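Enquirer: My questions all concern the structure below.
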Amino acid sequence: MKARGVKISLEGIDGSGKTTQLKLIEPELLRLGYRVYLAPDNSDASGKGIDGSILRILRKGRDRFFRLGYPTTESLLLAARASFLDERDTVPKLERGFVVICDRDIDTFVAYGLVSMVAKYPERDEKDLFQWLLSLVSVGRTQPDLTILFKPDLDTFLNRATVARGRGKRDRFSSKDKIFIRSVCRYYDWLAAVNTSRIRVLDVGGKSIQEVSQDVSALVVPFIRRYNVPTSE
């Protein structure tokens, strides 16, 4: 039987450094002889298929987190987009022995989506809403084999962080933005607690890009080797 590839997701709040690290780990894996596939960015609405169409619908609200005010509908649409991409791209790549790397995946869907769901339905127990979102990614989705959750020092991060406001302008996070991000981090912690075998929490607070890169490599490379992922050589 031909060896299967692995799916690795990099998770964390906006600005935690995961995208930078994705760009660093890809060439390292290529140098080691692995075939690498970078999954489409969760915010890329340029796709001409179902995936692009869904994001363009959600972007009409001009909200950076794709919130239109209808979180149940938004969650279902995002789940449908992700399932489509898995079936079209991820599964075939894994079957061919690729290392599939995702800048955000199922954990972002749950952590960010839960904030909106809790705000919309305050009468519902948040654990029930958490389980509902988990159910949406339990069928028709390819679960990551390894997830690295980037965890910055939150207070320092929020005091420095900026957010895009259009036309190339960036502003400091508002009080509302900070509350939102703190809630997202709380739900990431929930996910890490119930997925200890998959999620590795990486403390990136106060570390340089190179130091974090070394930490990521120390997690990813041995993991891939344990799975006996084939190389192109």
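Lettering and numbering for the structure tokens are positional, with chains as A, B, ... in the shown order, residues counted from 1 in each chain, and ligands counted from 1 in the shown order.
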Hey, could you make a per-residue contact list for segment 98-172 of chain A against segment 191-200 of chain A with 6 Å as the cut-off, showing the nearest pair of atoms and its distance in Å to one decimal, counting only C-alpha atoms, sorted by chain and number, as a tab-separated table?
Expert:
residue	atom	partner	partner_atom	distance
A:Leu146	CA	A:Arg198	CA	5.1
A:Thr147	CA	A:Ile199	CA	4.6
A:Ile148	CA	A:Arg200	CA	4.9
Enquirer: Export C-alpha atoms of the chosen residues as a PDB file, in the first residue's frame?
Expert:
ATOM      1  CA  LEU A 146      -0.843  17.567  13.619  1.00  0.00           C
ATOM      2  CA  THR A 147      -1.878  21.062  14.664  1.00  0.00           C
ATOM      3  CA  ILE A 148       0.497  23.707  15.977  1.00  0.00           C
TER       4      ILE A 148
END
Enquirer: Within 12 Å of Gly113 of chain A, counting only C-alpha atoms, which residues show up once you throw out same-chain ones fewer than 2 positions away? Write them as a ChimeraX atom specification, please.
Expert: /A:65-79,106-111,115-120,126,129-134,136,180-181,183-184,187-188
Enquirer: What gap, in Å, lies between atom CA of Asp215 of chain A and atom CA of Ala3 of chain A?
Expert: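 For atom CA of Asp215 of chain A relative to atom CA of Ala3 of chain A, the distance reads 26.3 Å.
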Enquirer: Which is closest to Leu10 of chain A among A:Tyr121, A:Asp41, A:Cys102, A:Gln214, if we use only C-alpha atoms?
Expert: A:Cys102
Enquirer: Which of segment 132-221 of chain A end up as strand (DSSP E or B) when DSSP is run on this backbone - answer as a PyMOL selection string?
Expert: chain A and resi 146-151+162-166+169-172+199-203
Enquirer: Please produce an output containing N, CA and C atoms for each residue in the selection, written as a short mmCIF file (atom, residue, chain, number, x, y, z; two decimals), in the first residue's frame.
Expert:
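After the write, selection_10.cif holds the following:
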data_model
loop_
_atom_site.label_atom_id
_atom_site.label_comp_id
_atom_site.auth_asym_id
_atom_site.auth_seq_id
_atom_site.Cartn_x
_atom_site.Cartn_y
_atom_site.Cartn_z
N LEU A 146 -1.57 16.76 12.63
CA LEU A 146 -0.84 17.57 13.62
C LEU A 146 -1.29 19.02 13.49
N THR A 147 -1.54 19.64 14.63
CA THR A 147 -1.88 21.06 14.66
C THR A 147 -0.92 21.77 15.60
N ILE A 148 -0.35 22.87 15.13
CA ILE A 148 0.50 23.71 15.98
C ILE A 148 -0.29 24.98 16.27
N LEU A 149 -0.58 25.20 17.55
CA LEU A 149 -1.33 26.38 17.98
C LEU A 149 -0.36 27.42 18.50
N PHE A 150 -0.26 28.52 17.78
CA PHE A 150 0.66 29.61 18.14
C PHE A 150 0.02 30.46 19.24
N LYS A 151 0.71 30.57 20.35
CA LYS A 151 0.15 31.27 21.50
C LYS A 151 1.08 32.40 21.93
N THR A 162 -2.45 45.69 15.31
CA THR A 162 -3.24 46.61 14.49
C THR A 162 -4.16 45.79 13.60
N VAL A 163 -5.15 46.45 13.07
CA VAL A 163 -6.12 45.78 12.21
C VAL A 163 -6.31 46.60 10.95
N ALA A 164 -6.43 45.91 9.81
CA ALA A 164 -6.65 46.59 8.54
C ALA A 164 -8.03 47.23 8.53
N ARG A 165 -8.11 48.48 8.08
CA ARG A 165 -9.38 49.19 8.01
C ARG A 165 -9.72 49.63 6.59
N GLY A 166 -8.99 49.13 5.62
CA GLY A 166 -9.27 49.47 4.23
C GLY A 166 -8.33 50.53 3.70
N LYS A 169 -4.87 51.31 5.25
CA LYS A 169 -4.76 51.88 6.59
C LYS A 169 -4.88 50.80 7.66
N ARG A 170 -4.18 51.03 8.77
CA ARG A 170 -4.25 50.11 9.90
C ARG A 170 -4.45 50.92 11.17
N ASP A 171 -5.30 50.43 12.03
CA ASP A 171 -5.58 51.08 13.31
C ASP A 171 -5.27 50.12 14.45
N ARG A 172 -5.09 50.67 15.62
CA ARG A 172 -4.96 49.84 16.80
C ARG A 172 -6.26 49.08 17.04
N ILE A 199 -3.12 18.54 18.96
CA ILE A 199 -2.73 19.95 19.05
C ILE A 199 -1.52 20.12 19.96
N ARG A 200 -0.50 20.76 19.41
CA ARG A 200 0.68 21.13 20.18
C ARG A 200 0.68 22.65 20.35
N VAL A 201 0.60 23.09 21.59
CA VAL A 201 0.58 24.52 21.88
C VAL A 201 2.01 25.04 21.89
N LEU A 202 2.27 26.06 21.08
CA LEU A 202 3.62 26.62 20.95
C LEU A 202 3.63 28.04 21.50
N ASP A 203 4.36 28.24 22.58
CA ASP A 203 4.49 29.56 23.18
C ASP A 203 5.43 30.40 22.32
#
Enquirer: Which neighbours of Tyr34 of chain A fall inside 6 Å, counting only C-alpha atoms, when residues of the same chain fewer than 3 positions from it are skipped, and could you give them as a list in words?
Expert: Leu29, Leu30, Thr231 and Ser232 of chain A
Enquirer: For Gly17 of chain A, work out the shell of residues within 10 Å, counting only C-alpha atoms and skipping chain neighbours fewer than 2 positions away, then give it as a PDB file with C-alpha atoms, in the first residue's frame.
Expert:
ATOM      1  CA  LEU A  10      -0.991  26.094  11.830  1.00  0.00           C
ATOM      2  CA  GLU A  11      -3.497  27.805  14.096  1.00  0.00           C
ATOM      3  CA  GLY A  12      -3.669  30.961  16.152  1.00  0.00           C
ATOM      4  CA  ILE A  13      -5.063  34.464  16.247  1.00  0.00           C
ATOM      5  CA  ASP A  14      -4.333  37.001  13.534  1.00  0.00           C
ATOM      6  CA  GLY A  15      -0.778  38.262  13.807  1.00  0.00           C
ATOM      7  CA  THR A  19       1.684  32.624   8.201  1.00  0.00           C
ATOM      8  CA  THR A  20       5.330  33.667   8.465  1.00  0.00           C
ATOM      9  CA  GLN A  21       6.235  30.238   9.798  1.00  0.00           C
ATOM     10  CA  LEU A  22       4.311  28.504   7.021  1.00  0.00           C
ATOM     11  CA  PHE A 150       0.662  29.608  18.144  1.00  0.00           C
ATOM     12  CA  LYS A 151       0.153  31.271  21.499  1.00  0.00           C
ATOM     13  CA  PRO A 152       1.578  34.778  21.981  1.00  0.00           C
ATOM     14  CA  VAL A 204       5.715  32.303  20.843  1.00  0.00           C
ATOM     15  CA  ILE A 209      11.044  34.563  14.110  1.00  0.00           C
ATOM     16  CA  VAL A 212       9.887  30.091  16.546  1.00  0.00           C
ATOM     17  CA  SER A 213      11.003  28.597  13.228  1.00  0.00           C
TER      18      SER A 213
END
Enquirer: With a distance cut-off of 10 Å and only C-alpha atoms, select the neighbouring residues of Pro230 of chain A, excluding the residue or stretch itself and same-chain residues fewer than 5 positions from it, and output the selection as a ChimeraX atom specification.
Expert: /A:2-5,33-35,96-99,224-225
Enquirer: As a PyMOL selection string, please: the residues near Ala82 of chain A (cut-off 12 Å, only C-alpha atoms, same-chain neighbours under 4 positions excluded).
Expert: chain A and resi 39-43+50-52+54-55+75-78+86-91+102+104-106+108-109+136-143
Enquirer: Could you dump the residues just selected with C-alpha atoms as a PDB file, in the first residue's frame?
Expert:
ATOM      1  CA  ALA A  39      -3.927  24.623   1.174  1.00  0.00           C
ATOM      2  CA  PRO A  40      -5.815  27.724  -0.053  1.00  0.00           C
ATOM      3  CA  ASP A  41      -5.876  30.571   2.419  1.00  0.00           C
ATOM      4  CA  ASN A  42      -9.130  30.819   4.353  1.00  0.00           C
ATOM      5  CA  SER A  43      -9.531  34.441   3.282  1.00  0.00           C
ATOM      6  CA  ILE A  50     -17.637  26.977  -5.083  1.00  0.00           C
ATOM      7  CA  ASP A  51     -14.936  28.005  -2.625  1.00  0.00           C
ATOM      8  CA  GLY A  52     -14.474  31.465  -4.114  1.00  0.00           C
ATOM      9  CA  ILE A  54     -18.897  31.343  -0.898  1.00  0.00           C
ATOM     10  CA  LEU A  55     -16.219  33.718   0.345  1.00  0.00           C
ATOM     11  CA  SER A  75     -20.898  28.609   9.780  1.00  0.00           C
ATOM     12  CA  LEU A  76     -22.740  26.341   7.370  1.00  0.00           C
ATOM     13  CA  LEU A  77     -21.353  28.211   4.368  1.00  0.00           C
ATOM     14  CA  LEU A  78     -17.776  28.093   5.660  1.00  0.00           C
ATOM     15  CA  ASP A  86     -10.950  18.864   1.166  1.00  0.00           C
ATOM     16  CA  GLU A  87     -12.710  16.661  -1.361  1.00  0.00           C
ATOM     17  CA  ARG A  88     -11.266  18.454  -4.379  1.00  0.00           C
ATOM     18  CA  ASP A  89      -7.715  19.106  -3.212  1.00  0.00           C
ATOM     19  CA  THR A  90      -6.666  17.796   0.196  1.00  0.00           C
ATOM     20  CA  VAL A  91      -7.731  14.156  -0.036  1.00  0.00           C
ATOM     21  CA  CYS A 102      -2.938  24.674   6.184  1.00  0.00           C
ATOM     22  CA  ARG A 104      -5.852  27.814   9.634  1.00  0.00           C
ATOM     23  CA  ASP A 105      -8.221  24.882   9.476  1.00  0.00           C
ATOM     24  CA  ILE A 106     -10.976  23.322  11.584  1.00  0.00           C
ATOM     25  CA  THR A 108     -10.146  28.451  13.462  1.00  0.00           C
ATOM     26  CA  PHE A 109     -13.600  27.584  12.180  1.00  0.00           C
ATOM     27  CA  LEU A 136     -19.867  20.422  11.372  1.00  0.00           C
ATOM     28  CA  VAL A 137     -16.192  19.504  11.009  1.00  0.00           C
ATOM     29  CA  SER A 138     -16.532  15.867  12.051  1.00  0.00           C
ATOM     30  CA  VAL A 139     -18.140  14.705   8.791  1.00  0.00           C
ATOM     31  CA  GLY A 140     -16.842  15.470   5.306  1.00  0.00           C
ATOM     32  CA  ARG A 141     -13.642  17.015   6.616  1.00  0.00           C
ATOM     33  CA  THR A 142     -10.096  15.710   6.694  1.00  0.00           C
ATOM     34  CA  GLN A 143      -8.848  16.173  10.233  1.00  0.00           C
TER      35      GLN A 143
END
